[in-house]
$ cat coords.txt   # compact mmCIF, N, CA and C atoms
# COMPACT_ATOMS: atom_id res chain seq x y z
N MET X 1 -6.94 -49.12 15.14
CA MET X 1 -6.68 -47.71 14.93
C MET X 1 -5.23 -47.54 14.50
N ARG X 2 -5.03 -46.74 13.47
CA ARG X 2 -3.67 -46.48 13.02
C ARG X 2 -2.96 -45.63 14.05
N GLY X 3 -1.66 -45.65 14.03
CA GLY X 3 -0.88 -44.89 15.00
C GLY X 3 -0.97 -43.40 14.72
N ARG X 4 -1.66 -42.70 15.58
CA ARG X 4 -1.77 -41.25 15.46
C ARG X 4 -0.74 -40.59 16.37
N ARG X 5 -0.19 -39.51 15.86
CA ARG X 5 0.76 -38.77 16.66
C ARG X 5 0.03 -37.64 17.36
N TRP X 6 0.29 -37.48 18.64
CA TRP X 6 -0.37 -36.44 19.41
C TRP X 6 0.35 -35.13 19.19
N VAL X 7 -0.42 -34.11 18.81
CA VAL X 7 0.12 -32.78 18.60
C VAL X 7 -0.56 -31.86 19.59
N PRO X 8 0.24 -31.12 20.35
CA PRO X 8 -0.37 -30.24 21.35
C PRO X 8 -1.16 -29.12 20.68
N ALA X 9 -2.27 -28.78 21.28
CA ALA X 9 -3.11 -27.70 20.76
C ALA X 9 -2.74 -26.41 21.46
N VAL X 10 -2.62 -25.37 20.69
CA VAL X 10 -2.33 -24.06 21.24
C VAL X 10 -3.51 -23.18 20.90
N GLU X 11 -4.10 -22.61 21.92
CA GLU X 11 -5.25 -21.74 21.69
C GLU X 11 -4.84 -20.31 21.99
N ARG X 12 -5.20 -19.45 21.08
CA ARG X 12 -4.92 -18.02 21.29
C ARG X 12 -6.20 -17.35 21.72
N SER X 13 -6.11 -16.62 22.79
CA SER X 13 -7.26 -15.81 23.16
C SER X 13 -7.08 -14.44 22.54
N SER X 14 -8.00 -13.56 22.76
CA SER X 14 -7.89 -12.23 22.15
C SER X 14 -6.67 -11.52 22.73
N ARG X 15 -6.12 -10.64 21.94
CA ARG X 15 -4.91 -9.92 22.37
C ARG X 15 -5.26 -8.91 23.45
N GLY X 16 -4.34 -8.73 24.34
CA GLY X 16 -4.50 -7.76 25.40
C GLY X 16 -4.20 -6.37 24.89
N GLY X 17 -4.35 -5.38 25.75
CA GLY X 17 -4.10 -4.00 25.37
C GLY X 17 -2.65 -3.74 25.00
N ASP X 18 -1.74 -4.54 25.53
CA ASP X 18 -0.32 -4.31 25.23
C ASP X 18 0.13 -5.06 24.00
N GLY X 19 -0.75 -5.73 23.29
CA GLY X 19 -0.39 -6.42 22.06
C GLY X 19 0.07 -7.85 22.29
N SER X 20 0.19 -8.26 23.55
CA SER X 20 0.64 -9.63 23.81
C SER X 20 -0.54 -10.58 23.69
N ALA X 21 -0.23 -11.82 23.35
CA ALA X 21 -1.27 -12.84 23.23
C ALA X 21 -1.15 -13.77 24.42
N SER X 22 -2.26 -14.09 25.04
CA SER X 22 -2.20 -15.05 26.12
C SER X 22 -2.42 -16.44 25.52
N LEU X 23 -1.60 -17.37 25.92
CA LEU X 23 -1.65 -18.71 25.34
C LEU X 23 -2.00 -19.72 26.42
N SER X 24 -2.79 -20.69 26.05
CA SER X 24 -2.99 -21.82 26.95
C SER X 24 -2.53 -23.05 26.20
N VAL X 25 -1.63 -23.79 26.82
CA VAL X 25 -0.98 -24.91 26.16
C VAL X 25 -1.35 -26.19 26.88
N LEU X 26 -1.59 -27.22 26.10
CA LEU X 26 -1.84 -28.52 26.71
C LEU X 26 -0.54 -29.04 27.28
N PRO X 27 -0.60 -29.87 28.30
CA PRO X 27 0.62 -30.32 28.95
C PRO X 27 1.54 -31.08 28.00
N GLY X 28 2.84 -30.98 28.28
CA GLY X 28 3.82 -31.71 27.50
C GLY X 28 4.96 -30.81 27.09
N SER X 29 6.12 -31.39 26.87
CA SER X 29 7.30 -30.60 26.51
C SER X 29 7.15 -30.05 25.09
N ALA X 30 6.40 -30.72 24.25
CA ALA X 30 6.19 -30.23 22.89
C ALA X 30 5.41 -28.92 22.93
N GLY X 31 4.51 -28.79 23.86
CA GLY X 31 3.72 -27.57 24.00
C GLY X 31 4.60 -26.39 24.32
N ALA X 32 5.61 -26.58 25.15
CA ALA X 32 6.51 -25.49 25.52
C ALA X 32 7.31 -25.04 24.30
N SER X 33 7.73 -25.99 23.47
CA SER X 33 8.50 -25.59 22.29
C SER X 33 7.62 -24.87 21.29
N VAL X 34 6.35 -25.25 21.22
CA VAL X 34 5.42 -24.54 20.33
C VAL X 34 5.26 -23.10 20.80
N VAL X 35 5.15 -22.91 22.10
CA VAL X 35 5.01 -21.56 22.64
C VAL X 35 6.27 -20.76 22.36
N ALA X 36 7.43 -21.35 22.53
CA ALA X 36 8.69 -20.65 22.29
C ALA X 36 8.80 -20.25 20.82
N ILE X 37 8.46 -21.17 19.92
CA ILE X 37 8.51 -20.88 18.49
C ILE X 37 7.50 -19.78 18.15
N ASP X 38 6.31 -19.88 18.72
CA ASP X 38 5.28 -18.88 18.47
C ASP X 38 5.73 -17.51 18.95
N ASN X 39 6.37 -17.46 20.12
CA ASN X 39 6.87 -16.18 20.64
C ASN X 39 7.95 -15.60 19.73
N LYS X 40 8.84 -16.45 19.23
CA LYS X 40 9.90 -15.98 18.33
C LYS X 40 9.28 -15.43 17.04
N ILE X 41 8.29 -16.14 16.51
CA ILE X 41 7.62 -15.68 15.29
C ILE X 41 6.94 -14.33 15.53
N GLU X 42 6.27 -14.21 16.67
CA GLU X 42 5.59 -12.95 16.98
C GLU X 42 6.59 -11.81 17.14
N GLN X 43 7.73 -12.08 17.77
CA GLN X 43 8.76 -11.04 17.93
C GLN X 43 9.30 -10.62 16.56
N ALA X 44 9.54 -11.60 15.70
CA ALA X 44 10.05 -11.29 14.36
C ALA X 44 9.03 -10.47 13.58
N MET X 45 7.77 -10.83 13.68
CA MET X 45 6.73 -10.08 12.98
C MET X 45 6.62 -8.65 13.52
N ASP X 46 6.74 -8.48 14.82
CA ASP X 46 6.71 -7.13 15.41
C ASP X 46 7.90 -6.30 14.93
N LEU X 47 9.06 -6.93 14.83
CA LEU X 47 10.25 -6.23 14.35
C LEU X 47 10.07 -5.79 12.90
N VAL X 48 9.55 -6.68 12.07
CA VAL X 48 9.29 -6.33 10.67
C VAL X 48 8.28 -5.19 10.59
N LYS X 49 7.25 -5.27 11.41
CA LYS X 49 6.22 -4.22 11.41
C LYS X 49 6.83 -2.87 11.79
N SER X 50 7.69 -2.85 12.84
CA SER X 50 8.30 -1.58 13.24
C SER X 50 9.19 -1.02 12.15
N HIS X 51 9.97 -1.88 11.49
CA HIS X 51 10.83 -1.40 10.42
C HIS X 51 10.01 -0.85 9.25
N LEU X 52 8.94 -1.53 8.90
CA LEU X 52 8.07 -1.06 7.82
C LEU X 52 7.42 0.27 8.17
N MET X 53 6.93 0.39 9.39
CA MET X 53 6.29 1.63 9.80
C MET X 53 7.29 2.79 9.78
N PHE X 54 8.51 2.54 10.22
CA PHE X 54 9.54 3.57 10.19
C PHE X 54 9.83 3.99 8.76
N ALA X 55 9.98 3.02 7.86
CA ALA X 55 10.27 3.32 6.45
C ALA X 55 9.12 4.09 5.82
N VAL X 56 7.90 3.72 6.13
CA VAL X 56 6.73 4.41 5.57
C VAL X 56 6.66 5.84 6.08
N ARG X 57 6.89 6.04 7.38
CA ARG X 57 6.86 7.40 7.93
C ARG X 57 7.94 8.27 7.27
N GLU X 58 9.11 7.69 7.09
CA GLU X 58 10.21 8.42 6.46
C GLU X 58 9.83 8.82 5.03
N GLU X 59 9.26 7.88 4.29
CA GLU X 59 8.86 8.15 2.90
C GLU X 59 7.76 9.21 2.86
N VAL X 60 6.83 9.18 3.79
CA VAL X 60 5.76 10.17 3.85
C VAL X 60 6.35 11.56 4.06
N GLU X 61 7.34 11.68 4.93
CA GLU X 61 7.97 12.98 5.17
C GLU X 61 8.67 13.49 3.91
N VAL X 62 9.35 12.61 3.19
CA VAL X 62 10.03 13.00 1.95
C VAL X 62 8.99 13.48 0.93
N LEU X 63 7.90 12.74 0.80
CA LEU X 63 6.86 13.11 -0.17
C LEU X 63 6.18 14.42 0.22
N LYS X 64 5.96 14.65 1.51
CA LYS X 64 5.37 15.92 1.95
C LYS X 64 6.28 17.08 1.57
N GLU X 65 7.58 16.90 1.75
CA GLU X 65 8.53 17.96 1.40
C GLU X 65 8.53 18.20 -0.11
N GLN X 66 8.48 17.13 -0.90
CA GLN X 66 8.43 17.28 -2.35
C GLN X 66 7.16 18.01 -2.78
N ILE X 67 6.04 17.68 -2.17
CA ILE X 67 4.77 18.35 -2.49
C ILE X 67 4.88 19.84 -2.18
N LYS X 68 5.45 20.16 -1.01
CA LYS X 68 5.61 21.56 -0.63
C LYS X 68 6.47 22.31 -1.65
N GLU X 69 7.59 21.70 -2.06
CA GLU X 69 8.47 22.34 -3.04
C GLU X 69 7.77 22.52 -4.39
N LEU X 70 7.00 21.51 -4.80
CA LEU X 70 6.30 21.60 -6.08
C LEU X 70 5.21 22.67 -6.05
N LEU X 71 4.51 22.79 -4.93
CA LEU X 71 3.49 23.83 -4.81
C LEU X 71 4.12 25.22 -4.88
N GLU X 72 5.28 25.39 -4.22
CA GLU X 72 5.96 26.68 -4.27
C GLU X 72 6.42 26.98 -5.69
N LYS X 73 6.98 25.98 -6.37
CA LYS X 73 7.45 26.16 -7.74
C LYS X 73 6.28 26.49 -8.67
N ASN X 74 5.16 25.80 -8.48
CA ASN X 74 3.96 26.06 -9.28
C ASN X 74 3.47 27.49 -9.09
N SER X 75 3.45 27.94 -7.87
CA SER X 75 3.01 29.31 -7.59
C SER X 75 3.95 30.32 -8.25
N GLN X 76 5.25 30.06 -8.15
CA GLN X 76 6.22 30.95 -8.78
C GLN X 76 6.03 30.98 -10.30
N LEU X 77 5.82 29.83 -10.90
CA LEU X 77 5.64 29.77 -12.35
C LEU X 77 4.33 30.44 -12.78
N GLU X 78 3.29 30.31 -11.98
CA GLU X 78 2.03 30.98 -12.31
C GLU X 78 2.20 32.50 -12.27
N GLN X 79 2.94 32.99 -11.28
CA GLN X 79 3.19 34.44 -11.20
C GLN X 79 4.02 34.90 -12.40
N GLU X 80 5.04 34.12 -12.74
CA GLU X 80 5.88 34.47 -13.89
C GLU X 80 5.06 34.46 -15.18
N ASN X 81 4.21 33.47 -15.33
CA ASN X 81 3.35 33.37 -16.51
C ASN X 81 2.43 34.58 -16.61
N SER X 82 1.85 34.95 -15.50
CA SER X 82 0.95 36.10 -15.48
C SER X 82 1.70 37.38 -15.88
N LEU X 83 2.89 37.55 -15.33
CA LEU X 83 3.69 38.73 -15.66
C LEU X 83 4.05 38.75 -17.14
N LEU X 84 4.49 37.61 -17.66
CA LEU X 84 4.87 37.55 -19.07
C LEU X 84 3.69 37.81 -19.98
N ARG X 85 2.52 37.32 -19.59
CA ARG X 85 1.33 37.57 -20.41
C ARG X 85 0.97 39.06 -20.44
N THR X 86 1.17 39.74 -19.32
CA THR X 86 0.85 41.17 -19.31
C THR X 86 1.88 41.99 -20.10
N LEU X 87 3.12 41.51 -20.16
CA LEU X 87 4.17 42.25 -20.88
C LEU X 87 4.23 41.91 -22.36
N ALA X 88 3.65 40.79 -22.76
CA ALA X 88 3.73 40.37 -24.17
C ALA X 88 2.76 41.17 -25.03
N SER X 89 3.17 41.39 -26.26
CA SER X 89 2.30 42.09 -27.21
C SER X 89 1.25 41.11 -27.74
N PRO X 90 0.16 41.61 -28.30
CA PRO X 90 -0.85 40.72 -28.87
C PRO X 90 -0.29 39.81 -29.96
N GLU X 91 0.68 40.32 -30.74
CA GLU X 91 1.29 39.49 -31.79
C GLU X 91 2.07 38.32 -31.18
N GLN X 92 2.79 38.60 -30.11
CA GLN X 92 3.56 37.54 -29.44
C GLN X 92 2.62 36.49 -28.85
N LEU X 93 1.53 36.93 -28.25
CA LEU X 93 0.56 35.99 -27.69
C LEU X 93 -0.06 35.13 -28.78
N ALA X 94 -0.37 35.74 -29.93
CA ALA X 94 -0.95 34.98 -31.05
C ALA X 94 0.05 33.95 -31.56
N GLN X 95 1.32 34.36 -31.67
CA GLN X 95 2.35 33.42 -32.13
C GLN X 95 2.50 32.27 -31.13
N PHE X 96 2.46 32.60 -29.85
CA PHE X 96 2.58 31.55 -28.82
C PHE X 96 1.41 30.58 -28.88
N GLN X 97 0.21 31.10 -29.06
CA GLN X 97 -0.98 30.23 -29.17
C GLN X 97 -0.85 29.31 -30.38
N ALA X 98 -0.34 29.84 -31.49
CA ALA X 98 -0.15 29.02 -32.69
C ALA X 98 0.87 27.92 -32.43
N GLN X 99 1.93 28.23 -31.70
CA GLN X 99 2.94 27.22 -31.37
C GLN X 99 2.33 26.13 -30.48
N LEU X 100 1.48 26.53 -29.55
CA LEU X 100 0.84 25.56 -28.67
C LEU X 100 -0.07 24.62 -29.47
N GLN X 101 -0.81 25.17 -30.41
CA GLN X 101 -1.70 24.35 -31.22
C GLN X 101 -0.90 23.39 -32.09
N THR X 102 0.20 23.86 -32.65
CA THR X 102 1.05 23.00 -33.47
C THR X 102 1.66 21.89 -32.63
N ALA X 103 2.11 22.23 -31.43
CA ALA X 103 2.72 21.24 -30.54
C ALA X 103 1.71 20.20 -30.09
N SER X 104 0.46 20.61 -29.84
CA SER X 104 -0.55 19.64 -29.39
C SER X 104 -0.99 18.74 -30.54
N ALA X 105 -0.89 19.24 -31.78
CA ALA X 105 -1.27 18.42 -32.94
C ALA X 105 -0.22 17.35 -33.22
N SER X 106 1.05 17.67 -33.00
CA SER X 106 2.12 16.68 -33.22
C SER X 106 3.09 16.74 -32.03
N PRO X 107 2.79 15.98 -30.97
CA PRO X 107 3.61 16.06 -29.76
C PRO X 107 5.05 15.61 -29.96
N ALA X 108 5.34 14.75 -30.95
CA ALA X 108 6.70 14.27 -31.15
C ALA X 108 7.61 15.39 -31.60
N SER X 109 7.07 16.38 -32.33
CA SER X 109 7.91 17.46 -32.83
C SER X 109 7.89 18.67 -31.91
N GLY X 110 7.18 18.58 -30.80
CA GLY X 110 7.08 19.70 -29.87
C GLY X 110 8.37 19.90 -29.11
N PRO X 111 8.44 20.96 -28.32
CA PRO X 111 9.65 21.24 -27.55
C PRO X 111 9.92 20.14 -26.54
N GLN X 112 11.19 19.84 -26.36
CA GLN X 112 11.59 18.81 -25.41
C GLN X 112 11.50 19.38 -24.00
N PRO X 113 11.06 18.56 -23.02
CA PRO X 113 10.96 19.07 -21.65
C PRO X 113 12.35 19.38 -21.10
N GLN X 114 12.41 20.44 -20.33
CA GLN X 114 13.66 20.86 -19.73
C GLN X 114 13.81 20.21 -18.36
N GLY X 115 15.04 19.95 -17.98
CA GLY X 115 15.32 19.43 -16.65
C GLY X 115 15.18 20.55 -15.63
N PRO X 116 15.11 20.20 -14.34
CA PRO X 116 14.96 21.23 -13.33
C PRO X 116 16.20 22.12 -13.28
N GLY X 117 15.97 23.42 -13.18
CA GLY X 117 17.07 24.35 -13.08
C GLY X 117 17.67 24.75 -14.41
N GLN X 118 17.19 24.20 -15.52
CA GLN X 118 17.73 24.55 -16.83
C GLN X 118 16.85 25.62 -17.45
N PRO X 119 17.47 26.65 -18.03
CA PRO X 119 16.65 27.69 -18.67
C PRO X 119 16.07 27.16 -19.97
N PRO X 120 14.91 27.66 -20.37
CA PRO X 120 14.33 27.22 -21.63
C PRO X 120 15.18 27.72 -22.79
N PRO X 121 15.11 27.06 -23.94
CA PRO X 121 15.90 27.52 -25.08
C PRO X 121 15.37 28.86 -25.56
N PRO X 122 16.26 29.72 -26.06
CA PRO X 122 15.79 31.03 -26.53
C PRO X 122 14.91 30.89 -27.75
N GLN X 123 13.87 31.72 -27.82
CA GLN X 123 12.97 31.70 -28.97
C GLN X 123 13.00 33.07 -29.62
N ALA X 124 12.94 33.07 -30.92
CA ALA X 124 12.94 34.33 -31.65
C ALA X 124 11.57 34.96 -31.53
N LEU X 125 11.54 36.21 -31.11
CA LEU X 125 10.29 36.93 -31.00
C LEU X 125 10.17 37.85 -32.22
N PRO X 126 8.96 37.99 -32.76
CA PRO X 126 8.80 38.85 -33.93
C PRO X 126 9.05 40.30 -33.56
N THR X 127 9.68 41.02 -34.45
CA THR X 127 9.92 42.44 -34.23
C THR X 127 8.84 43.23 -34.98
N SER X 128 8.51 44.37 -34.45
CA SER X 128 7.46 45.16 -35.10
C SER X 128 8.02 46.07 -36.17
N GLY X 129 9.36 46.24 -36.23
CA GLY X 129 9.96 47.13 -37.21
C GLY X 129 10.27 46.39 -38.50
N PRO X 130 10.75 47.11 -39.54
CA PRO X 130 11.10 46.48 -40.82
C PRO X 130 12.36 45.64 -40.67
N SER X 131 12.49 44.63 -41.51
CA SER X 131 13.65 43.75 -41.47
C SER X 131 14.83 44.46 -42.08
N ALA X 132 16.03 44.20 -41.58
CA ALA X 132 17.22 44.86 -42.11
C ALA X 132 17.85 44.06 -43.21

$ encode --input "coords.txt" --output "structure tokens"
Amino acid sequence: MRGRRWVPAVERSSRGGDGSASLSVLPGSAGASVVAIDNKIEQAMDLVKSHLMFAVREEVEVLKEQIKELLEKNSQLEQENSLLRTLASPEQLAQFQAQLQTASASPASGPQPQGPGQPPPPQALPTSGPSA
């Protein structure tokens, strides 16, 4: 028989309610070091898990706040849109629809998106009176 090296077996039973694992180790000093290493690995994994969970919870809170702000902004813009549509003349609405169709046909030449908080560029509205 070739020289085999004896390696202690470590058996893990199911985890307890507190998350700890009960270990049964075969006799020998090597078994104790395996248990110590296993405990260190488990502690490190628990620490990584707690840090990840904290980071995820924090990110979820940030995203929830962003969603809330976007919903409020959307509601405000819908109200503004509705008001502008009621105040616009039929000619202005027709011109706006034509601009939308032109922009959708060639998106590269369409209006550039505005950053948050920036007013849209002024647009010339048709006048109903004679030109001077």

$ atom_distance --input "coords.txt" --atom1 "CA of Ser33 (chain X)" --atom2 "CA of Lys49 (chain X)"
24.1 Å

$ atom_distance --input "coords.txt" --atom1 "atom N of Glu61 (chain X)" --atom2 "CA of Gln43 (chain X)"
26.2 Å

$ atom_distance --input "coords.txt" --atom1 "atom C of Thr102 (chain X)" --atom2 "atom C of Gln76 (chain X)"
24.5 Å

$ axis_aligned_box --input "coords.txt" --around "region 48-66 of chain X" --padding-each-side "4 Å" --output "AutoDock Vina command-line options"
--center_x 8.1 --center_y 5.8 --center_z 5.2 --size_x 13.5 --size_y 32.9 --size_z 24.0

$ decode --input "coords.txt" --residues "region 47-62 of chain X" --atoms "N, CA, C and O atoms" --output "PDB file, in the first residue's frame"
ATOM      1  N   LEU X  47     -19.684  38.236   7.817  1.00  0.00           N
ATOM      2  CA  LEU X  47     -19.361  39.658   7.752  1.00  0.00           C
ATOM      3  C   LEU X  47     -19.623  40.211   6.349  1.00  0.00           C
ATOM      4  O   LEU X  47     -20.224  41.273   6.196  1.00  0.00           O
ATOM      5  N   VAL X  48     -19.208  39.469   5.336  1.00  0.00           N
ATOM      6  CA  VAL X  48     -19.458  39.890   3.951  1.00  0.00           C
ATOM      7  C   VAL X  48     -20.963  39.968   3.699  1.00  0.00           C
ATOM      8  O   VAL X  48     -21.453  40.933   3.096  1.00  0.00           O
ATOM      9  N   LYS X  49     -21.693  38.985   4.184  1.00  0.00           N
ATOM     10  CA  LYS X  49     -23.146  38.970   3.997  1.00  0.00           C
ATOM     11  C   LYS X  49     -23.786  40.192   4.648  1.00  0.00           C
ATOM     12  O   LYS X  49     -24.640  40.845   4.065  1.00  0.00           O
ATOM     13  N   SER X  50     -23.363  40.528   5.891  1.00  0.00           N
ATOM     14  CA  SER X  50     -23.951  41.699   6.550  1.00  0.00           C
ATOM     15  C   SER X  50     -23.638  42.984   5.810  1.00  0.00           C
ATOM     16  O   SER X  50     -24.504  43.837   5.665  1.00  0.00           O
ATOM     17  N   HIS X  51     -22.406  43.123   5.317  1.00  0.00           N
ATOM     18  CA  HIS X  51     -22.055  44.327   4.568  1.00  0.00           C
ATOM     19  C   HIS X  51     -22.861  44.421   3.276  1.00  0.00           C
ATOM     20  O   HIS X  51     -23.333  45.505   2.913  1.00  0.00           O
ATOM     21  N   LEU X  52     -23.021  43.313   2.583  1.00  0.00           N
ATOM     22  CA  LEU X  52     -23.809  43.313   1.346  1.00  0.00           C
ATOM     23  C   LEU X  52     -25.271  43.657   1.617  1.00  0.00           C
ATOM     24  O   LEU X  52     -25.881  44.450   0.891  1.00  0.00           O
ATOM     25  N   MET X  53     -25.831  43.075   2.659  1.00  0.00           N
ATOM     26  CA  MET X  53     -27.227  43.346   2.985  1.00  0.00           C
ATOM     27  C   MET X  53     -27.418  44.822   3.347  1.00  0.00           C
ATOM     28  O   MET X  53     -28.395  45.447   2.934  1.00  0.00           O
ATOM     29  N   PHE X  54     -26.474  45.390   4.082  1.00  0.00           N
ATOM     30  CA  PHE X  54     -26.550  46.805   4.432  1.00  0.00           C
ATOM     31  C   PHE X  54     -26.496  47.661   3.173  1.00  0.00           C
ATOM     32  O   PHE X  54     -27.299  48.589   3.002  1.00  0.00           O
ATOM     33  N   ALA X  55     -25.562  47.353   2.272  1.00  0.00           N
ATOM     34  CA  ALA X  55     -25.418  48.124   1.031  1.00  0.00           C
ATOM     35  C   ALA X  55     -26.676  48.007   0.173  1.00  0.00           C
ATOM     36  O   ALA X  55     -27.137  48.997  -0.417  1.00  0.00           O
ATOM     37  N   VAL X  56     -27.249  46.824   0.099  1.00  0.00           N
ATOM     38  CA  VAL X  56     -28.462  46.618  -0.704  1.00  0.00           C
ATOM     39  C   VAL X  56     -29.628  47.400  -0.106  1.00  0.00           C
ATOM     40  O   VAL X  56     -30.375  48.069  -0.825  1.00  0.00           O
ATOM     41  N   ARG X  57     -29.780  47.348   1.217  1.00  0.00           N
ATOM     42  CA  ARG X  57     -30.873  48.093   1.858  1.00  0.00           C
ATOM     43  C   ARG X  57     -30.728  49.597   1.603  1.00  0.00           C
ATOM     44  O   ARG X  57     -31.712  50.290   1.356  1.00  0.00           O
ATOM     45  N   GLU X  58     -29.491  50.072   1.699  1.00  0.00           N
ATOM     46  CA  GLU X  58     -29.231  51.487   1.462  1.00  0.00           C
ATOM     47  C   GLU X  58     -29.595  51.870   0.028  1.00  0.00           C
ATOM     48  O   GLU X  58     -30.237  52.897  -0.217  1.00  0.00           O
ATOM     49  N   GLU X  59     -29.188  51.039  -0.923  1.00  0.00           N
ATOM     50  CA  GLU X  59     -29.487  51.303  -2.335  1.00  0.00           C
ATOM     51  C   GLU X  59     -30.987  51.254  -2.592  1.00  0.00           C
ATOM     52  O   GLU X  59     -31.521  52.065  -3.355  1.00  0.00           O
ATOM     53  N   VAL X  60     -31.695  50.345  -1.956  1.00  0.00           N
ATOM     54  CA  VAL X  60     -33.150  50.247  -2.111  1.00  0.00           C
ATOM     55  C   VAL X  60     -33.812  51.534  -1.629  1.00  0.00           C
ATOM     56  O   VAL X  60     -34.721  52.057  -2.278  1.00  0.00           O
ATOM     57  N   GLU X  61     -33.348  52.071  -0.509  1.00  0.00           N
ATOM     58  CA  GLU X  61     -33.918  53.317   0.008  1.00  0.00           C
ATOM     59  C   GLU X  61     -33.683  54.477  -0.961  1.00  0.00           C
ATOM     60  O   GLU X  61     -34.575  55.272  -1.202  1.00  0.00           O
ATOM     61  N   VAL X  62     -32.484  54.549  -1.533  1.00  0.00           N
ATOM     62  CA  VAL X  62     -32.173  55.603  -2.502  1.00  0.00           C
ATOM     63  C   VAL X  62     -33.083  55.472  -3.721  1.00  0.00           C
ATOM     64  O   VAL X  62     -33.647  56.455  -4.209  1.00  0.00           O
TER      65      VAL X  62
END
